[in-house]
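Raw contents of entry_30.cif, mmCIF, C-alpha atoms:
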data_final
#
loop_
_atom_site.label_atom_id
_atom_site.label_comp_id
_atom_site.auth_asym_id
_atom_site.auth_seq_id
_atom_site.Cartn_x
_atom_site.Cartn_y
_atom_site.Cartn_z
CA MET A 186 102.99 123.10 72.73
CA ALA A 187 100.98 124.02 69.68
CA ALA A 188 103.43 121.88 67.72
CA GLY A 189 102.55 118.88 69.92
CA VAL A 190 98.88 119.38 69.15
CA GLU A 191 99.70 119.53 65.43
CA LEU A 192 101.66 116.29 65.66
CA ILE A 193 98.74 114.47 67.27
CA ARG A 194 96.42 115.84 64.60
CA SER A 195 98.70 114.52 61.87
CA MET A 196 98.93 111.18 63.65
CA ALA A 197 95.15 111.01 63.64
CA ALA A 198 95.31 111.39 59.87
CA GLY A 199 97.71 108.44 59.70
CA ASP A 200 101.00 110.34 59.37
CA ARG A 201 103.79 108.02 60.54
CA ALA A 202 106.48 110.67 60.37
CA ALA A 203 104.41 112.78 62.74
CA PHE A 204 104.23 109.80 65.07
CA ALA A 205 108.02 109.40 64.99
CA ALA A 206 108.42 113.10 65.84
CA PHE A 207 105.79 112.85 68.56
CA TYR A 208 107.62 109.87 70.02
CA ASP A 209 111.01 111.60 69.98
CA ARG A 210 109.55 114.57 71.72
CA TYR A 211 107.47 112.91 74.44
CA ALA A 212 108.87 109.43 75.00
CA PRO A 213 111.58 110.56 77.47
CA LEU A 214 108.95 112.31 79.58
CA ALA A 215 106.67 109.27 79.52
CA TYR A 216 109.53 106.87 80.17
CA GLY A 217 110.62 108.93 83.18
CA VAL A 218 107.19 108.57 84.76
CA ILE A 219 106.89 104.91 83.83
CA LEU A 220 110.25 104.10 85.42
CA LYS A 221 109.31 105.90 88.63
CA VAL A 222 106.27 103.64 88.82
CA VAL A 223 107.49 100.24 87.59
CA ARG A 224 111.17 100.58 88.65
CA ASP A 225 112.30 98.03 86.15
CA ARG A 226 113.75 98.92 82.77
CA ALA A 227 112.46 95.88 80.87
CA ASP A 228 108.94 96.32 82.21
CA GLY A 229 109.23 100.04 81.62
CA ALA A 230 110.17 99.56 77.96
CA ASP A 231 107.15 97.26 77.49
CA VAL A 232 104.82 99.78 79.05
CA LEU A 233 106.31 102.59 76.99
CA GLN A 234 105.67 100.70 73.79
CA GLU A 235 102.12 99.92 74.85
CA VAL A 236 101.44 103.57 75.72
CA PHE A 237 102.67 104.97 72.42
CA TRP A 238 100.93 102.29 70.41
CA GLU A 239 97.73 103.24 72.15
CA ALA A 240 98.43 106.92 71.45
CA TRP A 241 98.85 106.12 67.75
CA ARG A 242 95.62 104.19 67.63
CA THR A 243 93.57 106.71 69.58
CA ALA A 244 95.06 109.96 68.28
CA THR A 245 91.66 110.79 66.74
CA SER A 246 90.15 111.06 70.20
CA TYR A 247 92.62 113.67 71.46
CA ASP A 248 90.91 116.89 72.47
CA ALA A 249 93.22 119.88 72.93
CA GLU A 250 90.55 121.57 75.05
CA ARG A 251 90.91 118.89 77.67
CA GLY A 252 94.65 118.91 78.14
CA SER A 253 98.10 119.47 76.71
CA PRO A 254 99.87 116.75 74.69
CA GLU A 255 102.29 116.26 77.62
CA ALA A 256 99.44 115.66 80.04
CA TRP A 257 97.68 113.40 77.53
CA ILE A 258 100.62 111.07 77.06
CA VAL A 259 101.98 111.23 80.62
CA MET A 260 98.60 110.45 82.19
CA ARG A 261 98.31 107.38 79.98
CA ALA A 262 101.88 106.40 80.81
CA ARG A 263 101.23 106.64 84.53
CA ALA A 264 97.96 104.71 84.30
CA ARG A 265 99.45 101.87 82.24
CA ALA A 266 102.50 101.71 84.50
CA ILE A 267 100.32 101.39 87.59
CA ASP A 268 98.30 98.67 85.83
CA ARG A 269 101.55 96.85 85.16
CA VAL A 270 102.70 97.05 88.78
CA ARG A 271 99.32 95.81 90.00
CA ALA A 272 99.38 92.89 87.59
CA ARG A 273 102.92 92.06 88.68
CA ARG A 274 101.91 92.28 92.31
CA ARG A 275 98.97 89.93 91.73
CA ARG A 276 101.32 87.43 90.13
CA GLU A 277 103.82 87.76 92.95
CA GLU A 278 101.12 87.40 95.58
CA THR A 279 100.14 84.17 93.94
CA PHE A 280 103.61 82.72 93.65
CA VAL A 281 106.26 84.36 95.74
CA ALA A 282 104.51 86.61 98.23
CA PRO A 283 106.15 85.26 101.39
CA VAL A 284 109.66 85.70 100.05
CA ALA A 285 108.98 89.14 98.58
CA ASP A 286 107.44 90.27 101.85
CA ALA A 287 110.42 89.09 103.84
CA VAL A 288 112.82 90.94 101.57
CA ALA A 289 110.73 94.08 101.68
CA ARG A 290 110.70 93.96 105.47
CA ASP A 291 114.45 93.48 105.68
CA VAL A 292 115.53 96.15 103.27
CA GLY A 293 112.55 98.47 103.46
CA PRO A 294 111.06 99.74 100.24
CA ASP A 295 112.27 103.28 100.89
CA VAL A 296 115.93 102.36 100.65
CA ALA A 297 115.39 100.74 97.29
CA ARG A 298 113.41 103.76 96.25
CA GLN A 299 116.05 106.27 97.24
CA VAL A 300 118.63 104.37 95.24
CA GLU A 301 116.38 104.49 92.19
CA ASP A 302 115.59 108.12 92.69
CA ARG A 303 119.20 109.09 92.66
CA ASP A 304 119.33 107.74 89.12
CA LEU A 305 116.52 110.03 88.13
CA VAL A 306 117.59 113.27 89.77
CA GLY A 307 116.87 116.68 88.49
CA ALA A 308 113.13 116.30 88.73
CA ALA A 309 111.12 119.24 89.96
CA LEU A 310 109.55 116.90 92.47
CA ASP A 311 112.89 116.48 94.21
CA ARG A 312 112.79 120.10 95.22
CA LEU A 313 109.64 119.81 97.31
CA PRO A 314 109.68 119.62 101.12
CA PRO A 315 109.85 115.89 101.97
CA PRO A 316 106.33 115.55 103.48
CA GLN A 317 104.71 117.07 100.36
CA ARG A 318 106.90 115.08 98.06
CA GLU A 319 106.14 111.85 99.89
CA ALA A 320 102.37 112.35 99.71
CA ILE A 321 102.50 113.17 95.98
CA GLU A 322 104.79 110.24 95.22
CA LEU A 323 102.62 107.74 97.07
CA ALA A 324 99.63 108.94 95.05
CA TYR A 325 101.13 109.58 91.69
CA PHE A 326 103.77 106.89 91.41
CA GLU A 327 102.41 104.20 93.70
CA GLY A 328 98.74 104.68 92.86
CA LEU A 329 97.54 104.93 96.46
CA SER A 330 94.30 106.75 97.24
CA GLN A 331 94.14 109.60 99.76
CA THR A 332 92.65 107.22 102.33
CA GLU A 333 95.42 104.69 101.79
CA ILE A 334 98.07 107.39 102.04
CA ALA A 335 96.58 108.66 105.31
CA ALA A 336 96.70 105.10 106.67
CA ARG A 337 100.23 104.49 105.41
CA LEU A 338 101.60 107.74 106.84
CA LYS A 339 99.41 107.57 109.95
CA GLN A 340 98.25 111.12 109.27
CA PRO A 341 94.75 112.59 109.25
CA LEU A 342 93.10 112.64 105.82
CA GLY A 343 92.94 116.45 105.92
CA THR A 344 96.71 116.65 106.36
CA VAL A 345 97.28 114.41 103.37
CA LYS A 346 95.04 116.57 101.19
CA THR A 347 96.73 119.76 102.33
CA ARG A 348 100.18 118.35 101.63
CA ILE A 349 99.21 117.25 98.16
CA ARG A 350 97.72 120.61 97.31
CA ALA A 351 100.64 122.56 98.73
CA GLY A 352 103.03 120.23 96.92
CA LEU A 353 101.38 120.79 93.56
CA GLU A 354 101.45 124.54 94.08
CA ARG A 355 105.11 124.41 94.95
CA LEU A 356 105.73 122.23 91.92
CA ARG A 357 104.21 124.87 89.72
CA GLU A 358 106.42 127.54 91.28
CA VAL A 359 109.54 125.43 90.90
CA MET A 360 108.78 124.73 87.27
CA GLY A 361 108.15 128.40 86.60
CA ARG A 362 111.88 128.88 87.21
CA PRO A 363 114.59 127.27 85.12
CA ALA A 364 116.23 124.36 86.93
CA MET B 172 79.94 129.79 93.45
CA THR B 173 83.12 129.55 95.50
CA HIS B 174 85.75 127.17 94.19
CA GLU B 175 87.90 127.19 97.29
CA PRO B 176 86.72 123.82 98.65
CA PHE B 177 87.32 122.25 95.25
CA GLU B 178 90.90 123.39 94.85
CA GLU B 179 92.19 120.87 97.32
CA LEU B 180 90.05 118.14 95.75
CA ILE B 181 91.40 119.05 92.31
CA ALA B 182 94.98 118.65 93.49
CA VAL B 183 94.24 115.24 95.00
CA TYR B 184 92.27 114.23 91.88
CA ALA B 185 95.14 115.26 89.62
CA VAL B 186 97.54 112.90 91.41
CA GLY B 187 94.93 110.17 91.06
CA ALA B 188 94.27 109.78 94.78
CA LEU B 189 90.78 111.17 95.27
CA ASP B 190 88.32 108.58 96.56
CA GLY B 191 85.00 108.20 98.34
CA GLU B 192 82.53 111.04 98.66
CA ASP B 193 85.15 113.61 97.67
CA LEU B 194 85.49 111.92 94.30
CA VAL B 195 81.74 111.90 93.76
CA ARG B 196 81.51 115.58 94.72
CA LEU B 197 84.29 116.71 92.42
CA ARG B 198 83.12 114.60 89.47
CA ALA B 199 79.65 116.09 89.80
CA HIS B 200 81.11 119.59 89.97
CA LEU B 201 83.31 119.06 86.90
CA ALA B 202 80.50 117.35 85.03
CA ALA B 203 78.36 120.41 85.67
CA GLY B 204 80.88 122.16 83.41
CA CYS B 205 82.73 124.41 85.87
CA ALA B 206 85.23 126.16 83.61
CA HIS B 207 87.29 127.55 86.49
CA CYS B 208 87.87 124.13 88.04
CA GLY B 209 88.37 122.48 84.66
CA ALA B 210 91.20 124.92 83.97
CA ALA B 211 92.66 124.36 87.45
CA LEU B 212 92.68 120.60 86.82
CA ARG B 213 94.44 121.04 83.46
CA ASP B 214 97.04 123.24 85.17
CA ALA B 215 97.68 120.63 87.81
CA GLN B 216 97.97 117.87 85.21
CA ASP B 217 100.37 119.94 83.13
CA GLY B 218 102.50 120.49 86.21
CA LEU B 219 102.54 116.78 87.01
CA ALA B 220 103.42 115.87 83.45
CA ARG B 221 106.84 117.38 84.14
CA ALA B 222 107.18 116.15 87.70
CA ALA B 223 109.49 113.25 86.89
CA ALA B 224 112.82 113.81 85.19
CA PRO B 225 112.81 112.69 81.53
CA VAL B 226 114.78 109.51 80.83
CA PRO B 227 115.99 108.59 77.32
CA PRO B 228 114.13 105.42 76.36
CA PRO B 229 115.92 102.37 74.97
CA PRO B 230 116.10 102.63 71.14
CA HIS B 231 114.46 99.26 70.55
CA VAL B 232 111.07 100.60 71.68
CA LYS B 233 110.83 103.08 68.84
CA GLN B 234 112.04 100.48 66.35
CA ALA B 235 109.42 98.04 67.57
CA LEU B 236 106.68 100.66 67.27
CA LEU B 237 107.69 101.65 63.74
CA ALA B 238 107.85 98.00 62.71
CA ARG B 239 104.41 97.36 64.16
CA MET B 240 103.12 100.35 62.28
CA ALA B 241 104.67 99.25 58.99
CA ALA B 242 103.08 95.85 59.48
CA GLY B 243 99.65 97.15 59.73
CA VAL B 244 97.40 99.60 61.22
CA GLU B 245 96.89 103.23 60.42
CA PRO B 246 93.83 103.74 62.50
CA ALA B 247 92.20 106.92 61.29
CA ARG B 248 92.80 106.57 57.56
CA ARG B 249 92.13 102.90 57.49
CA ARG B 250 88.79 103.29 59.17
CA ARG B 251 87.69 105.72 56.44
CA ALA B 252 88.88 103.41 53.68
CA TRP B 253 86.75 100.66 55.13
CA LEU B 254 83.62 102.75 55.17
CA PRO B 255 82.67 102.81 51.43
CA TRP B 256 83.46 99.12 51.19
CA ALA B 257 81.30 98.41 54.21
CA LEU B 258 78.45 100.52 52.85
CA ALA B 259 78.57 98.83 49.46
CA THR B 260 78.60 95.44 51.10
CA ALA B 261 75.75 96.40 53.37
CA ALA B 262 73.71 97.61 50.39
CA ALA B 263 74.32 94.34 48.55
CA VAL B 264 73.38 92.35 51.61
CA ILE B 265 70.18 94.31 52.04
CA ALA B 266 69.24 93.87 48.37
CA GLY B 267 69.91 90.14 48.62
CA ALA B 268 67.94 89.95 51.79
CA ALA B 269 64.96 91.63 50.15
CA PHE B 270 64.74 88.89 47.49
CA THR B 271 65.35 86.06 49.86
CA GLY B 272 63.01 87.65 52.34
CA ALA B 273 60.07 87.47 49.95
CA PHE B 274 60.47 83.70 49.75
CA VAL B 275 61.05 82.93 53.35
CA ALA B 276 58.65 85.48 54.81
CA VAL B 277 55.78 83.07 55.02
CA ARG B 278 57.85 80.47 56.75
CA TYR B 279 59.13 82.92 59.32
CA GLU B 280 55.89 84.70 59.99
CA ALA B 281 54.99 82.37 62.82
CA ARG B 282 58.46 82.79 64.31
CA LEU B 283 58.22 86.56 63.97
CA GLY B 284 54.87 86.51 65.70
CA GLN B 285 56.40 84.63 68.57
CA MET B 286 59.31 87.04 68.73
CA ALA B 287 56.90 89.96 68.79
CA ARG B 288 55.13 88.38 71.72
CA GLU B 289 58.44 87.83 73.46
CA VAL B 290 59.44 91.44 72.85
CA SER B 291 56.14 92.64 74.16
CA ALA B 292 56.50 90.46 77.27
CA ALA B 293 60.04 91.77 77.79
CA ARG B 294 58.76 95.35 77.43
CA GLU B 295 56.04 94.69 79.96
CA GLN B 296 58.59 93.29 82.38
CA LEU B 297 60.87 96.26 81.84
CA ARG B 298 57.98 98.66 82.40
CA ARG B 299 57.11 96.89 85.62
CA GLU B 300 60.68 96.92 86.90
CA ALA B 301 61.07 100.60 86.00
CA ALA B 302 57.81 101.36 87.80
CA ALA B 303 59.06 99.48 90.88
CA LEU B 304 62.31 101.46 90.85
CA GLU B 305 60.43 104.73 90.50
CA LEU B 306 58.25 103.71 93.42
CA LEU B 307 61.30 102.91 95.56
CA ARG B 308 62.45 106.52 95.29
CA ASP B 309 59.35 107.73 97.17
CA PRO B 310 59.99 108.00 100.92
CA ALA B 311 56.40 106.92 101.63
CA THR B 312 57.00 103.61 99.85
CA ARG B 313 57.50 100.52 101.97
CA VAL B 314 58.81 97.10 101.11
CA VAL B 315 56.81 94.29 102.65
CA ALA B 316 58.15 90.74 102.90
CA LEU B 317 55.83 87.82 102.21
CA LEU B 318 56.76 84.41 103.57
CA GLY B 319 55.71 81.04 102.21
CA ALA B 320 52.99 79.30 104.17
CA GLY B 321 51.11 76.00 104.20
CA PRO B 322 51.86 74.00 101.06
CA GLN B 323 54.58 76.41 99.80
CA PRO B 324 57.04 76.93 102.66
CA ALA B 325 59.95 77.83 100.32
CA ALA B 326 58.09 80.62 98.53
CA VAL B 327 59.26 84.19 99.16
CA GLY B 328 57.63 87.41 98.05
CA ARG B 329 58.13 91.15 98.24
CA VAL B 330 55.56 93.85 97.80
CA ILE B 331 56.73 97.37 97.06
CA TRP B 332 53.78 99.38 98.25
CA HIS B 333 52.68 102.98 98.28
CA ASP B 334 49.25 103.77 99.72
CA ARG B 335 48.38 106.18 96.93
CA ALA B 336 50.38 104.82 93.98
CA GLY B 337 49.73 101.12 94.53
CA GLY B 338 52.61 98.74 94.08
CA GLU B 339 54.29 95.70 92.62
CA LEU B 340 54.48 92.11 93.77
CA PHE B 341 57.58 89.98 93.16
CA VAL B 342 57.63 86.27 94.01
CA VAL B 343 60.23 83.50 93.80
CA ASN B 344 60.24 79.78 94.62
CA LEU B 345 56.49 79.38 94.09
CA THR B 346 55.35 76.21 92.33
CA PRO B 347 53.34 77.01 89.18
CA ALA B 348 49.61 76.67 89.80
CA PRO B 349 47.99 73.41 88.67
CA ARG B 350 45.79 73.44 85.56
CA GLY B 351 42.59 75.38 86.06
CA LYS B 352 44.02 77.26 89.04
CA ALA B 353 45.76 80.60 89.51
CA TYR B 354 47.30 82.53 92.36
CA GLU B 355 45.37 85.49 93.67
CA LEU B 356 46.83 88.32 95.74
CA TRP B 357 44.72 89.94 98.44
CA THR B 358 45.11 93.25 100.19
CA ILE B 359 43.69 93.03 103.69
CA ALA B 360 42.72 96.18 105.58
CA GLY B 361 40.63 96.22 108.77
CA GLY B 362 40.27 92.45 108.50
CA GLN B 363 38.63 92.74 105.05
CA PRO B 364 40.41 90.98 102.12
CA ARG B 365 40.08 92.60 98.70
CA PRO B 366 41.16 90.92 95.44
CA ALA B 367 44.29 92.73 94.23
CA ALA B 368 45.78 90.70 91.36
CA LEU B 369 45.63 87.33 89.63
CA PHE B 370 48.99 86.06 88.47
CA GLU B 371 50.80 83.13 86.90
CA VAL B 372 54.16 81.70 87.92
CA ASP B 373 56.76 80.91 85.26
CA ALA B 374 58.66 77.65 84.98
CA THR B 375 61.46 78.96 87.23
CA GLY B 376 59.02 79.73 90.05
CA LYS B 377 59.08 83.50 89.55
CA ALA B 378 56.14 85.86 89.21
CA SER B 379 55.40 89.55 89.33
CA ALA B 380 52.19 91.54 89.27
CA ARG B 381 51.00 95.10 89.37
CA ILE B 382 48.83 96.04 92.37
CA GLU B 383 46.39 98.87 91.90
CA PRO B 384 45.97 101.33 94.80
CA THR B 385 43.13 100.43 97.15
CA GLY B 386 42.33 104.01 98.07
CA GLY B 387 43.69 103.44 101.56
CA GLY B 388 46.26 101.62 103.63
CA VAL B 389 46.90 97.88 103.63
CA ASP B 390 47.60 95.84 106.78
CA VAL B 391 48.44 92.49 105.23
CA PHE B 392 49.24 91.10 101.77
CA ALA B 393 48.36 87.45 101.19
CA VAL B 394 48.33 85.04 98.25
CA THR B 395 45.93 82.09 97.91
CA LEU B 396 45.47 79.38 95.30
CA GLU B 397 42.12 79.94 93.58
CA PRO B 398 40.15 78.93 90.49
CA GLU B 399 41.70 80.31 87.28
CA ARG B 400 39.26 83.21 86.84
CA GLY B 401 39.69 84.48 90.38
CA VAL B 402 37.15 84.80 93.15
CA PRO B 403 35.79 87.83 95.02
CA ALA B 404 36.79 86.45 98.44
CA PRO B 405 39.55 83.96 99.30
CA THR B 406 38.57 80.29 99.34
CA GLY B 407 41.82 78.37 98.84
CA PRO B 408 44.88 77.76 101.02
CA ILE B 409 47.18 80.69 101.83
CA VAL B 410 50.60 80.16 100.16
CA LEU B 411 52.25 83.49 100.95
CA ALA B 412 51.47 86.16 103.54
CA SER B 413 53.05 89.24 105.08
CA LYS B 414 53.13 89.58 108.85
CA GLU B 415 50.60 91.73 110.64
CA PRO B 416 51.95 95.27 110.66
CA GLN B 417 53.69 96.44 113.83
CA PRO B 418 51.38 98.64 115.90
CA ARG B 419 52.21 102.26 115.05
#

Starting from the file, give its structure as structure tokens.
Amino acid sequence: MAAGVELIRSMAAGDRAAFAAFYDRYAPLAYGVILKVVRDRADGADVLQEVFWEAWRTATSYDAERGSPEAWIVMRARARAIDRVRARRRREETFVAPVADAVARDVGPDVARQVEDRDLVGAALDRLPPPQREAIELAYFEGLSQTEIAARLKQPLGTVKTRIRAGLERLREVMGRPA
Amino acid sequence: MTHEPFEELIAVYAVGALDGEDLVRLRAHLAAGCAHCGAALRDAQDGLARAAAPVPPPPHVKQALLARMAAGVEPARRRRAWLPWALATAAAVIAGAAFTGAFVAVRYEARLGQMAREVSAAREQLRREAAALELLRDPATRVVALLGAGPQPAAVGRVIWHDRAGGELFVVNLTPAPRGKAYELWTIAGGQPRPAALFEVDATGKASARIEPTGGGVDVFAVTLEPERGVPAPTGPIVLASKEPQPR
């Protein structure tokens, strides 16, 4: 981890080789998150490029006190990916909403999601009890707020919070052990 | 301090789902510099960073990034390289301006005077608005609506009033007073009007004025059209008035 911090520091000083190393090390992690959110490889590649370009340009503002390099890059990746999905949704609402809605109702978004997820197995998240996993995924990958999740799952807000917290704790345990 | 209630909020915050009052509460707590909760949040974020399985990215992304980089921008270093250049340029500009300034000073003095007046007017307005906001924080402050009357039915006013601190008058849609005339605000208590402020209306029909405390309560606020210098008791038509207060 210290090495990641060093790489960002060198990037801040304009070291392109450090950037290449930083990219090699963290791009798969970022791309994994981006794909879970945007679920489209072309869009995902765009977002990935945007995220790392931003990292290069703002490396000077990285503060190791406030988070690890992984968290720094992955949080950006998630945020940009959610931005992308929202922009796409706005476009679709404008142009093709009725069709998209009909398809979503027929197939159900969860089926499509499970298919995607099988491509990305091995994640620690997959080892959580389904209710905890679902709550975390709706928040983290779909960008829903706790209130929206409670409405979507028809569960009390308190239950949603508890599931998210328990899920994160479990996640930490799971990651403490080798996969 | 117990951190127990925050641990759940931190988890929800870390997945980006905290909203409403919870979000306000946690932000305030973190902003207060709670080291324990700050560390808990970093833990949660680290955990999430590895929540999704890594996926090898398509090679063209890295190529595109390196090409973009070769084409241009090295942010940190470049910014520093710009600095001496910018300073030198700024120094030259300032020196040039000093010479030029000596010649054009006279011509611009009038303009500068006008700008100074504008700045001072803007400051006065800012001071007044800040004072009104400050006043609004006091629970004893009330906001009184004034409605247009007689010749000015479209006029609307608000008085923010505190019996001990005084208040502020804000007016819109009032026609500027004719030459030689001004609007005068009255505070009426026990049926007795007292002059409270003389004010002018700008070209857009807006006005504001400070109202000094009267040393007691006020039943009604009213505005009349009066001679420019003001009068000790109302003589002209009422153009704005608040309703009689509800019996308490």

Using all atoms listed in the file, what table do you get, as a tab-separated table, when you list each residue of chain B with an atom no more than 10 Å from chain A, its nearest pair of atoms, and their distance in Å rounded to one decimal, rows by chain then rising number?
residue	atom	partner	partner_atom	distance
B:Glu178	CA	A:Arg350	CA	7.8
B:Glu179	CA	A:Arg350	CA	5.5
B:Leu180	CA	A:Lys346	CA	7.5
B:Ile181	CA	A:Arg350	CA	8.2
B:Ala182	CA	A:Arg350	CA	5.1
B:Val183	CA	A:Ile349	CA	6.2
B:Tyr184	CA	A:Gln331	CA	9.3
B:Ala185	CA	A:Tyr325	CA	8.5
B:Val186	CA	A:Tyr325	CA	4.9
B:Gly187	CA	A:Tyr325	CA	6.3
B:Ala188	CA	A:Ser330	CA	3.9
B:Leu189	CA	A:Gln331	CA	5.8
B:Asp190	CA	A:Ser330	CA	6.3
B:Gly191	CA	A:Thr332	CA	8.7
B:Gly209	CA	A:Arg251	CA	8.3
B:Ala210	CA	A:Arg251	CA	8.7
B:Leu212	CA	A:Gly252	CA	9.1
B:Arg213	CA	A:Gly252	CA	5.7
B:Asp214	CA	A:Gly252	CA	8.6
B:Ala215	CA	A:Leu353	CA	6.8
B:Gln216	CA	A:Ala256	CA	5.8
B:Asp217	CA	A:Ala256	CA	5.4
B:Gly218	CA	A:Arg357	CA	5.9
B:Leu219	CA	A:Ala256	CA	7.7
B:Ala220	CA	A:Ala256	CA	5.2
B:Arg221	CA	A:Leu214	CA	7.1
B:Ala222	CA	A:Leu310	CA	5.4
B:Ala223	CA	A:Ala308	CA	5.1
B:Ala224	CA	A:Ala308	CA	4.3
B:Pro225	CA	A:Leu214	CA	4.3
B:Val226	CA	A:Pro213	CA	4.8
B:Pro227	CA	A:Pro213	CA	4.8
B:Pro228	CA	A:Pro213	CA	5.8
B:Pro229	CA	A:Ala230	CA	7.1
B:Pro230	CA	A:Ala230	CA	9.5
B:His231	CA	A:Ala230	CA	8.6
B:Val232	CA	A:Gln234	CA	5.8
B:Lys233	CA	A:Gln234	CA	7.5
B:Gln234	CA	A:Gln234	CA	9.8
B:Ala235	CA	A:Gln234	CA	7.7
B:Leu236	CA	A:Gln234	CA	6.6
B:Leu237	CA	A:Ala205	CA	7.9
B:Arg239	CA	A:Trp238	CA	8.7
B:Met240	CA	A:Arg201	CA	7.9
B:Ala241	CA	A:Arg201	CA	8.9
B:Val244	CA	A:Arg242	CA	8.1
B:Glu245	CA	A:Gly199	CA	5.3
B:Pro246	CA	A:Arg242	CA	5.5
B:Ala247	CA	A:Ala197	CA	5.6
B:Arg248	CA	A:Gly199	CA	5.7
B:Arg249	CA	A:Gly199	CA	8.2

Output C-alpha atoms of each residue in that selection to a file, as a compact mmCIF listing (two decimals), in the frame of the given file.
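File written: again.txt
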# COMPACT_ATOMS: atom_id res chain seq x y z
CA GLU B 178 90.90 123.39 94.85
CA GLU B 179 92.19 120.87 97.32
CA LEU B 180 90.05 118.14 95.75
CA ILE B 181 91.40 119.05 92.31
CA ALA B 182 94.98 118.65 93.49
CA VAL B 183 94.24 115.24 95.00
CA TYR B 184 92.27 114.23 91.88
CA ALA B 185 95.14 115.26 89.62
CA VAL B 186 97.54 112.90 91.41
CA GLY B 187 94.93 110.17 91.06
CA ALA B 188 94.27 109.78 94.78
CA LEU B 189 90.78 111.17 95.27
CA ASP B 190 88.32 108.58 96.56
CA GLY B 191 85.00 108.20 98.34
CA GLY B 209 88.37 122.48 84.66
CA ALA B 210 91.20 124.92 83.97
CA LEU B 212 92.68 120.60 86.82
CA ARG B 213 94.44 121.04 83.46
CA ASP B 214 97.04 123.24 85.17
CA ALA B 215 97.68 120.63 87.81
CA GLN B 216 97.97 117.87 85.21
CA ASP B 217 100.37 119.94 83.13
CA GLY B 218 102.50 120.49 86.21
CA LEU B 219 102.54 116.78 87.01
CA ALA B 220 103.42 115.87 83.45
CA ARG B 221 106.84 117.38 84.14
CA ALA B 222 107.18 116.15 87.70
CA ALA B 223 109.49 113.25 86.89
CA ALA B 224 112.82 113.81 85.19
CA PRO B 225 112.81 112.69 81.53
CA VAL B 226 114.78 109.51 80.83
CA PRO B 227 115.99 108.59 77.32
CA PRO B 228 114.13 105.42 76.36
CA PRO B 229 115.92 102.37 74.97
CA PRO B 230 116.10 102.63 71.14
CA HIS B 231 114.46 99.26 70.55
CA VAL B 232 111.07 100.60 71.68
CA LYS B 233 110.83 103.08 68.84
CA GLN B 234 112.04 100.48 66.35
CA ALA B 235 109.42 98.04 67.57
CA LEU B 236 106.68 100.66 67.27
CA LEU B 237 107.69 101.65 63.74
CA ARG B 239 104.41 97.36 64.16
CA MET B 240 103.12 100.35 62.28
CA ALA B 241 104.67 99.25 58.99
CA VAL B 244 97.40 99.60 61.22
CA GLU B 245 96.89 103.23 60.42
CA PRO B 246 93.83 103.74 62.50
CA ALA B 247 92.20 106.92 61.29
CA ARG B 248 92.80 106.57 57.56
CA ARG B 249 92.13 102.90 57.49

Picked residues, the PyMOL selection byres ((chain B and resi 402) around 12), expected as a list in words: Lys352, Ala353, Tyr354, Glu355, Leu356, Trp357, Pro364, Arg365, Pro366, Ala367, Ala368, Leu369, Thr395, Leu396, Glu397, Pro398, Glu399, Arg400, Gly401, Pro403, Ala404, Pro405, Thr406 and Gly407 of chain B

Point-to-point distance in Å for CA of Ala374 (chain B) and CA of Asn344 (chain B):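 Interatomic distance here is 10.0 Å.
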
Picked residues, the PyMOL selection byres ((chain B and resi 315) around 8), as a compact mmCIF listing (two decimals) with C-alpha atoms, in the frame of the given file:
# COMPACT_ATOMS: atom_id res chain seq x y z
CA ARG B 313 57.50 100.52 101.97
CA VAL B 314 58.81 97.10 101.11
CA ALA B 316 58.15 90.74 102.90
CA LEU B 317 55.83 87.82 102.21
CA ARG B 329 58.13 91.15 98.24
CA VAL B 330 55.56 93.85 97.80
CA ILE B 331 56.73 97.37 97.06
CA TRP B 332 53.78 99.38 98.25
CA SER B 413 53.05 89.24 105.08

Between CA of Phe370 (chain B) and CA of Ile382 (chain B), distance in Å (one decimal): 10.7 Å

One-decimal distance in Å that lies between CA of Gly338 (chain B) and CA of Gln323 (chain B):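 So the answer is 23.1 Å.
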
Distance query Ser379 (chain B) at most 9 Å, only C-alpha atoms, self and fewer than 3 positions along chain excluded, as number ranges by chain: B: 296, 299, 339-343, 370-372
